[in-house]
>>> print(open('query05.txt').read())   # compact mmCIF, C-alpha atoms
# COMPACT_ATOMS: atom_id res chain seq x y z
CA GLY A 1448 -163.99 -97.45 14.25
CA ASN A 1449 -164.75 -99.79 11.42
CA SER A 1450 -164.32 -103.50 12.03
CA VAL A 1451 -165.01 -106.88 10.48
CA THR A 1452 -165.79 -110.09 12.32
CA GLN A 1453 -165.67 -113.33 10.41
CA MET A 1454 -166.24 -116.91 11.26
CA GLU A 1455 -163.33 -118.60 12.97
CA GLY A 1456 -161.76 -121.45 11.14
CA PRO A 1457 -160.50 -123.75 10.09
CA VAL A 1458 -163.33 -125.14 8.02
CA THR A 1459 -162.98 -128.61 6.52
CA LEU A 1460 -165.48 -129.85 3.93
CA SER A 1461 -165.80 -132.67 1.48
CA GLU A 1462 -165.88 -131.93 -2.21
CA GLU A 1463 -169.32 -130.82 -3.45
CA ALA A 1464 -170.44 -129.72 0.02
CA PHE A 1465 -172.18 -126.38 0.61
CA LEU A 1466 -170.03 -123.60 2.02
CA THR A 1467 -170.98 -120.66 4.20
CA ILE A 1468 -168.44 -118.34 5.81
CA ASN A 1469 -170.09 -115.74 8.00
CA CYS A 1470 -168.99 -112.12 8.01
CA THR A 1471 -170.47 -109.20 9.93
CA TYR A 1472 -169.23 -105.66 10.05
CA THR A 1473 -169.39 -102.46 12.05
CA ALA A 1474 -169.04 -99.22 10.15
CA THR A 1475 -170.34 -95.71 9.97
CA GLY A 1476 -172.00 -94.70 6.76
CA TYR A 1477 -172.19 -97.02 3.79
CA PRO A 1478 -169.04 -99.06 3.33
CA SER A 1479 -168.15 -101.19 0.34
CA LEU A 1480 -167.70 -104.86 1.15
CA PHE A 1481 -165.24 -107.38 -0.27
CA TRP A 1482 -164.16 -110.98 -0.09
CA TYR A 1483 -160.50 -111.69 -0.79
CA VAL A 1484 -158.93 -115.12 -1.21
CA GLN A 1485 -155.36 -116.19 -0.58
CA TYR A 1486 -154.30 -119.46 -2.18
CA PRO A 1487 -151.24 -121.21 -0.75
CA GLY A 1488 -148.06 -119.36 -1.69
CA GLU A 1489 -149.90 -116.56 -3.47
CA GLY A 1490 -150.97 -112.99 -2.78
CA LEU A 1491 -154.44 -111.80 -1.88
CA GLN A 1492 -156.88 -111.77 -4.77
CA LEU A 1493 -160.22 -110.04 -4.93
CA LEU A 1494 -162.95 -112.68 -5.12
CA LEU A 1495 -166.06 -110.50 -5.17
CA LYS A 1496 -167.41 -107.17 -3.99
CA ALA A 1497 -170.61 -105.24 -3.31
CA THR A 1498 -170.96 -101.50 -3.01
CA LYS A 1499 -174.45 -100.92 -1.67
CA ALA A 1500 -177.23 -102.58 0.26
CA ASP A 1501 -178.83 -105.62 -1.39
CA ASP A 1502 -176.07 -105.84 -4.00
CA LYS A 1503 -174.95 -109.39 -4.68
CA GLY A 1504 -171.34 -110.00 -5.61
CA SER A 1505 -170.52 -113.22 -7.43
CA ASN A 1506 -167.50 -114.89 -8.98
CA LYS A 1507 -166.31 -118.48 -9.61
CA GLY A 1508 -169.53 -119.87 -8.12
CA PHE A 1509 -169.15 -117.86 -4.90
CA GLU A 1510 -171.80 -115.34 -3.87
CA ALA A 1511 -172.29 -112.81 -1.09
CA THR A 1512 -175.15 -110.37 -0.52
CA TYR A 1513 -174.73 -107.00 1.19
CA ARG A 1514 -177.29 -107.03 4.00
CA LYS A 1515 -177.47 -103.66 5.69
CA GLU A 1516 -180.21 -104.65 8.12
CA THR A 1517 -178.05 -107.42 9.59
CA THR A 1518 -174.69 -105.76 8.75
CA SER A 1519 -173.58 -108.98 7.10
CA PHE A 1520 -171.84 -110.17 3.94
CA HIS A 1521 -171.77 -113.97 4.22
CA LEU A 1522 -169.86 -115.92 1.58
CA GLU A 1523 -171.57 -118.95 0.05
CA LYS A 1524 -170.84 -121.57 -2.57
CA GLY A 1525 -173.16 -124.38 -3.49
CA SER A 1526 -170.59 -127.02 -4.30
CA VAL A 1527 -166.95 -126.60 -3.26
CA GLN A 1528 -163.99 -128.13 -5.05
CA VAL A 1529 -160.55 -129.16 -3.81
CA SER A 1530 -159.15 -126.17 -5.69
CA ASP A 1531 -161.17 -123.82 -3.42
CA SER A 1532 -158.89 -124.66 -0.50
CA ALA A 1533 -157.50 -121.30 0.61
CA VAL A 1534 -157.82 -118.60 3.25
CA TYR A 1535 -160.78 -116.27 2.78
CA PHE A 1536 -160.84 -112.71 4.11
CA CYS A 1537 -163.86 -110.46 4.47
CA ALA A 1538 -163.06 -106.75 4.23
CA LEU A 1539 -164.70 -103.36 4.12
CA ARG A 1540 -163.76 -99.95 2.86
CA GLY A 1541 -165.41 -97.00 4.52
CA GLY A 1542 -164.80 -93.30 4.18
CA SER A 1543 -161.06 -93.58 3.66
CA GLU A 1544 -159.08 -95.58 1.16
CA LYS A 1545 -157.93 -98.26 3.57
CA LEU A 1546 -159.34 -101.77 3.64
CA VAL A 1547 -160.27 -103.22 7.04
CA PHE A 1548 -159.94 -107.00 7.06
CA GLY A 1549 -161.31 -109.79 9.20
CA LYS A 1550 -158.93 -112.39 10.61
CA GLY A 1551 -159.45 -114.83 7.79
CA THR A 1552 -161.02 -118.28 7.55
CA LYS A 1553 -158.97 -121.21 6.32
CA LEU A 1554 -160.95 -123.61 4.14
CA THR A 1555 -159.77 -127.11 3.35
CA VAL A 1556 -161.73 -129.18 0.86
CA ASN A 1557 -161.03 -132.90 0.82
CA PRO A 1558 -161.67 -135.12 -2.22
CA ASP B 958 -145.97 -110.64 -15.37
CA THR B 959 -147.31 -107.12 -14.82
CA GLY B 960 -148.66 -107.62 -11.31
CA VAL B 961 -147.47 -106.01 -8.10
CA SER B 962 -143.92 -107.06 -7.34
CA GLN B 963 -142.31 -107.07 -3.91
CA ASN B 964 -138.69 -107.63 -3.01
CA PRO B 965 -137.24 -109.39 -1.22
CA ARG B 966 -139.72 -112.20 -0.65
CA HIS B 967 -138.06 -113.15 2.61
CA LYS B 968 -135.81 -111.25 4.98
CA ILE B 969 -134.19 -112.47 8.19
CA THR B 970 -132.51 -109.79 10.26
CA LYS B 971 -131.06 -109.37 13.71
CA ARG B 972 -132.85 -107.22 16.23
CA GLY B 973 -131.69 -103.64 16.03
CA GLN B 974 -130.80 -103.74 12.34
CA ASN B 975 -132.50 -101.63 9.68
CA VAL B 976 -134.36 -103.22 6.78
CA THR B 977 -135.84 -101.85 3.58
CA PHE B 978 -138.47 -103.43 1.36
CA ARG B 979 -139.40 -102.44 -2.15
CA CYS B 980 -142.73 -102.53 -3.95
CA ASP B 981 -143.23 -102.06 -7.68
CA PRO B 982 -146.93 -101.46 -8.39
CA ILE B 983 -148.80 -102.13 -11.60
CA SER B 984 -147.39 -99.52 -13.95
CA GLU B 985 -150.36 -97.23 -14.50
CA HIS B 986 -151.65 -97.42 -10.92
CA ASN B 987 -151.50 -94.15 -9.03
CA ARG B 988 -152.37 -95.46 -5.55
CA LEU B 989 -150.06 -97.64 -3.51
CA TYR B 990 -150.78 -99.18 -0.12
CA TRP B 991 -148.76 -100.94 2.55
CA TYR B 992 -150.30 -103.48 4.92
CA ARG B 993 -148.87 -105.72 7.62
CA GLN B 994 -150.13 -109.24 8.32
CA THR B 995 -149.20 -111.29 11.35
CA LEU B 996 -149.84 -114.98 11.74
CA GLY B 997 -153.53 -115.80 12.10
CA GLN B 998 -154.63 -112.24 11.49
CA GLY B 999 -155.93 -110.30 8.54
CA PRO B 1000 -153.86 -107.58 6.92
CA GLU B 1001 -153.69 -104.27 8.82
CA PHE B 1002 -153.38 -100.97 7.01
CA LEU B 1003 -150.13 -99.06 7.43
CA THR B 1004 -150.13 -96.24 4.88
CA TYR B 1005 -151.03 -95.25 1.35
CA PHE B 1006 -149.81 -92.95 -1.40
CA GLN B 1007 -151.51 -91.22 -4.24
CA ASN B 1008 -148.75 -90.66 -6.73
CA GLU B 1009 -145.84 -89.42 -4.59
CA ALA B 1010 -147.97 -87.96 -1.80
CA GLN B 1011 -148.40 -89.98 1.40
CA LEU B 1012 -152.04 -89.32 2.24
CA GLU B 1013 -152.77 -91.46 5.27
CA LYS B 1014 -150.74 -93.20 7.95
CA SER B 1015 -151.96 -95.65 10.55
CA ARG B 1016 -151.08 -95.34 14.22
CA LEU B 1017 -149.37 -98.72 13.67
CA LEU B 1018 -146.71 -96.86 11.72
CA SER B 1019 -144.40 -95.88 14.56
CA ASP B 1020 -141.54 -93.44 14.10
CA ARG B 1021 -139.24 -96.37 13.32
CA PHE B 1022 -141.18 -96.94 10.11
CA SER B 1023 -140.91 -94.74 7.07
CA ALA B 1024 -142.37 -95.16 3.62
CA GLU B 1025 -141.55 -93.27 0.47
CA ARG B 1026 -142.70 -93.16 -3.10
CA PRO B 1027 -140.29 -90.64 -4.56
CA LYS B 1028 -141.41 -90.49 -8.18
CA GLY B 1029 -144.88 -91.84 -7.82
CA SER B 1030 -143.81 -95.24 -9.11
CA PHE B 1031 -142.10 -97.77 -6.83
CA SER B 1032 -142.22 -97.46 -3.05
CA THR B 1033 -139.92 -98.41 -0.20
CA LEU B 1034 -140.78 -99.25 3.38
CA GLU B 1035 -137.93 -98.93 5.87
CA ILE B 1036 -137.95 -100.21 9.43
CA GLN B 1037 -135.21 -98.86 11.66
CA ARG B 1038 -133.93 -100.61 14.79
CA THR B 1039 -136.05 -103.68 14.16
CA GLU B 1040 -137.75 -105.44 17.06
CA GLN B 1041 -139.03 -108.99 17.31
CA GLY B 1042 -142.57 -107.64 17.20
CA ASP B 1043 -141.91 -106.37 13.69
CA SER B 1044 -141.83 -109.96 12.42
CA ALA B 1045 -144.72 -110.17 9.96
CA MET B 1046 -145.66 -110.33 6.30
CA TYR B 1047 -145.55 -106.88 4.71
CA LEU B 1048 -147.97 -106.55 1.82
CA CYS B 1049 -148.09 -103.95 -0.90
CA ALA B 1050 -151.10 -103.23 -3.08
CA SER B 1051 -151.87 -100.81 -5.87
CA SER B 1052 -154.96 -99.43 -7.56
CA LEU B 1053 -156.04 -96.93 -10.16
CA THR B 1054 -158.40 -94.19 -9.12
CA GLY B 1055 -161.42 -93.54 -11.26
CA GLY B 1056 -165.18 -93.72 -11.14
CA GLY B 1057 -166.67 -96.27 -8.81
CA ILE B 1058 -164.91 -98.73 -6.56
CA THR B 1059 -161.46 -99.65 -7.79
CA GLU B 1060 -159.86 -102.98 -7.05
CA ALA B 1061 -156.63 -103.13 -5.08
CA PHE B 1062 -154.16 -105.67 -6.46
CA PHE B 1063 -151.84 -107.22 -3.92
CA GLY B 1064 -148.28 -108.44 -4.22
CA GLN B 1065 -147.07 -111.69 -2.69
CA GLY B 1066 -145.54 -109.89 0.26
CA THR B 1067 -142.20 -109.72 2.03
CA ARG B 1068 -141.92 -111.98 5.06
CA LEU B 1069 -139.74 -110.40 7.74
CA THR B 1070 -138.28 -112.43 10.58
CA VAL B 1071 -136.43 -110.57 13.33
CA VAL B 1072 -134.20 -112.82 15.42
>>> encode(input="query05.txt", output="structure tokens")
Amino acid sequence: GNSVTQMEGPVTLSEEAFLTINCTYTATGYPSLFWYVQYPGEGLQLLLKATKADDKGSNKGFEATYRKETTSFHLEKGSVQVSDSAVYFCALRGGSEKLVFGKGTKLTVNP
Amino acid sequence: DTGVSQNPRHKITKRGQNVTFRCDPISEHNRLYWYRQTLGQGPEFLTYFQNEAQLEKSRLLSDRFSAERPKGSFSTLEIQRTEQGDSAMYLCASSLTGGGITEAFFGQGTRLTVV
């Protein structure tokens, strides 16, 4: 079945550091890929998405590129802020409507 | 606020009791999803509705679990004879079908603790 493996956390960075959170997937066919973010005390929010190979999703300075050859969708940001502290989830949607999530990576950004 | 609303936000119950959660989706959204999230894990799909029809159910949804969406608007998730393993965050999401990939909007969840 479909699955998502993402980098174990927690990740702690200083403000303005470069962020990478790795995500790889296993799926049949051509899934759509997503990054969701969960800020403390809030619900999951869609951060960015990509629907086909080589698509790049971007939002709020975050980027991720759909790499079919490596089955990856790594999340990157060039300069993190304290306000980026949250839990980040990689997810895919395959042939059905359900989202399949990774376990989540907690990011803490210190000033 | 016109986002997805879930009630209650927290529920503590004794083992063996029944509990019911409610989800009010974004008003024009025709799809509604239930997920369960345990500590340190990502959300796991339970079931989804298109309008009032329940179209898919996960094997996680044992016969003690039942979900309804009677008029295609709000939904309820009932757990009968709760067990300690049912302790989790129960998340609801909704989306609107249409061309392309539609975004699912999540509520803040109902945290269930079975003691």
>>> closest_atom_pairs(input="query05.txt", of="chain A", to="chain B", cutoff="6 Å", atoms="all atoms listed in the file", output="tab-separated table")
residue	atom	partner	partner_atom	distance
A:Glu1489	CA	B:Gln1065	CA	5.7
A:Gly1490	CA	B:Gln1065	CA	4.1
A:Leu1491	CA	B:Phe1063	CA	5.6
A:Phe1548	CA	B:Gly999	CA	5.4
A:Gly1549	CA	B:Gly999	CA	5.4
A:Lys1550	CA	B:Gly999	CA	4.2
A:Gly1551	CA	B:Gly999	CA	5.8
>>> atom_distance(input="query05.txt", atom1="CA of Glu1040 (chain B)", atom2="CA of Arg979 (chain B)")
19.5 Å
>>> residues_around(input="query05.txt", residues="Thr1498 (chain A)", least_positions_apart="4", cutoff="12 Å", atoms="all atoms listed in the file", output="PyMOL selection string")
(chain A and resi 1476-1481+1502-1504+1511-1515+1520+1538-1541) or (chain B and resi 1057-1060)
>>> atom_distance(input="query05.txt", atom1="CA of Asn964 (chain B)", atom2="CA of Ser984 (chain B)")
16.2 Å
>>> atom_distance(input="query05.txt", atom1="CA of Leu1017 (chain B)", atom2="CA of Thr1067 (chain B)")
17.5 Å
>>> closest_residue(input="query05.txt", among="B:Leu989, B:Ser1030, B:Lys971, B:Asp981", to="Gln1011 (chain B)", atoms="all atoms listed in the file")
B:Leu989
>>> closest_residue(input="query05.txt", among="B:Glu1025, B:Glu1009, B:Glu985, B:Asp1020", to="Thr1039 (chain B)", atoms="all atoms listed in the file")
B:Asp1020
>>> residues_around(input="query05.txt", residues="region 1448-1458 of chain A", least_positions_apart="3", cutoff="7 Å", atoms="all atoms listed in the file", output="PyMOL selection string")
chain A and resi 1468-1474+1537-1538+1547-1555
>>> axis_aligned_box(input="query05.txt", around="region 978-989 of chain B", padding_each_side="3 Å", output="lines of an AutoDock Vina configuration file")
center_x = -145.4
center_y = -98.8
center_z = -6.6
size_x = 19.9
size_y = 15.3
size_z = 21.9
>>> residues_around(input="query05.txt", residues="region 966-969 of chain B", least_positions_apart="4", cutoff="6 Å", atoms="only C-alpha atoms", output="PyMOL selection string")
chain B and resi 1067-1071
>>> closest_residue(input="query05.txt", among="A:Asp1501, A:Glu1544, A:Gln1492, A:Asn1557", to="Thr1054 (chain B)", atoms="all atoms listed in the file")
A:Glu1544
>>> closest_residue(input="query05.txt", among="B:Ser1032, B:Gln1041, B:Ser1023, B:Gln1007", to="Gly973 (chain B)", atoms="all atoms listed in the file")
B:Gln1041
>>> build_atoms(input="query05.txt", residues="region 1530-1546 of chain A", atoms="N, CA and C atoms", output="PDB file, in the frame of the given file")
ATOM      1  N   SER A1530    -159.894-127.360  -5.288  1.00  0.00           N
ATOM      2  CA  SER A1530    -159.150-126.170  -5.690  1.00  0.00           C
ATOM      3  C   SER A1530    -159.620-124.897  -4.960  1.00  0.00           C
ATOM      4  N   ASP A1531    -160.703-124.966  -4.219  1.00  0.00           N
ATOM      5  CA  ASP A1531    -161.170-123.820  -3.420  1.00  0.00           C
ATOM      6  C   ASP A1531    -160.454-123.716  -2.081  1.00  0.00           C
ATOM      7  N   SER A1532    -159.643-124.683  -1.762  1.00  0.00           N
ATOM      8  CA  SER A1532    -158.890-124.660  -0.500  1.00  0.00           C
ATOM      9  C   SER A1532    -157.998-123.424  -0.469  1.00  0.00           C
ATOM     10  N   ALA A1533    -158.196-122.593   0.534  1.00  0.00           N
ATOM     11  CA  ALA A1533    -157.500-121.300   0.610  1.00  0.00           C
ATOM     12  C   ALA A1533    -157.913-120.624   1.915  1.00  0.00           C
ATOM     13  N   VAL A1534    -157.375-119.432   2.121  1.00  0.00           N
ATOM     14  CA  VAL A1534    -157.820-118.600   3.250  1.00  0.00           C
ATOM     15  C   VAL A1534    -158.678-117.474   2.674  1.00  0.00           C
ATOM     16  N   TYR A1535    -159.834-117.260   3.252  1.00  0.00           N
ATOM     17  CA  TYR A1535    -160.780-116.270   2.780  1.00  0.00           C
ATOM     18  C   TYR A1535    -160.880-115.122   3.786  1.00  0.00           C
ATOM     19  N   PHE A1536    -160.789-113.894   3.265  1.00  0.00           N
ATOM     20  CA  PHE A1536    -160.840-112.710   4.110  1.00  0.00           C
ATOM     21  C   PHE A1536    -162.017-111.832   3.696  1.00  0.00           C
ATOM     22  N   CYS A1537    -162.818-111.455   4.674  1.00  0.00           N
ATOM     23  CA  CYS A1537    -163.860-110.460   4.470  1.00  0.00           C
ATOM     24  C   CYS A1537    -163.259-109.092   4.774  1.00  0.00           C
ATOM     25  N   ALA A1538    -163.636-108.077   4.025  1.00  0.00           N
ATOM     26  CA  ALA A1538    -163.060-106.750   4.230  1.00  0.00           C
ATOM     27  C   ALA A1538    -164.084-105.680   3.895  1.00  0.00           C
ATOM     28  N   LEU A1539    -163.861-104.505   4.465  1.00  0.00           N
ATOM     29  CA  LEU A1539    -164.700-103.360   4.120  1.00  0.00           C
ATOM     30  C   LEU A1539    -163.832-102.147   3.834  1.00  0.00           C
ATOM     31  N   ARG A1540    -164.389-101.249   3.068  1.00  0.00           N
ATOM     32  CA  ARG A1540    -163.760 -99.950   2.860  1.00  0.00           C
ATOM     33  C   ARG A1540    -164.800 -98.889   3.139  1.00  0.00           C
ATOM     34  N   GLY A1541    -164.472 -98.032   4.108  1.00  0.00           N
ATOM     35  CA  GLY A1541    -165.410 -97.000   4.520  1.00  0.00           C
ATOM     36  C   GLY A1541    -165.077 -95.676   3.897  1.00  0.00           C
ATOM     37  N   GLY A1542    -165.015 -94.645   4.708  1.00  0.00           N
ATOM     38  CA  GLY A1542    -164.800 -93.300   4.180  1.00  0.00           C
ATOM     39  C   GLY A1542    -163.407 -93.049   3.652  1.00  0.00           C
ATOM     40  N   SER A1543    -162.426 -93.805   4.138  1.00  0.00           N
ATOM     41  CA  SER A1543    -161.060 -93.580   3.660  1.00  0.00           C
ATOM     42  C   SER A1543    -160.706 -94.674   2.659  1.00  0.00           C
ATOM     43  N   GLU A1544    -159.495 -94.620   2.174  1.00  0.00           N
ATOM     44  CA  GLU A1544    -159.080 -95.580   1.160  1.00  0.00           C
ATOM     45  C   GLU A1544    -158.678 -96.937   1.735  1.00  0.00           C
ATOM     46  N   LYS A1545    -158.484 -97.026   3.045  1.00  0.00           N
ATOM     47  CA  LYS A1545    -157.930 -98.260   3.570  1.00  0.00           C
ATOM     48  C   LYS A1545    -158.983 -99.356   3.645  1.00  0.00           C
ATOM     49  N   LEU A1546    -158.521-100.588   3.442  1.00  0.00           N
ATOM     50  CA  LEU A1546    -159.340-101.770   3.640  1.00  0.00           C
ATOM     51  C   LEU A1546    -159.176-102.234   5.090  1.00  0.00           C
TER      52      LEU A1546
END
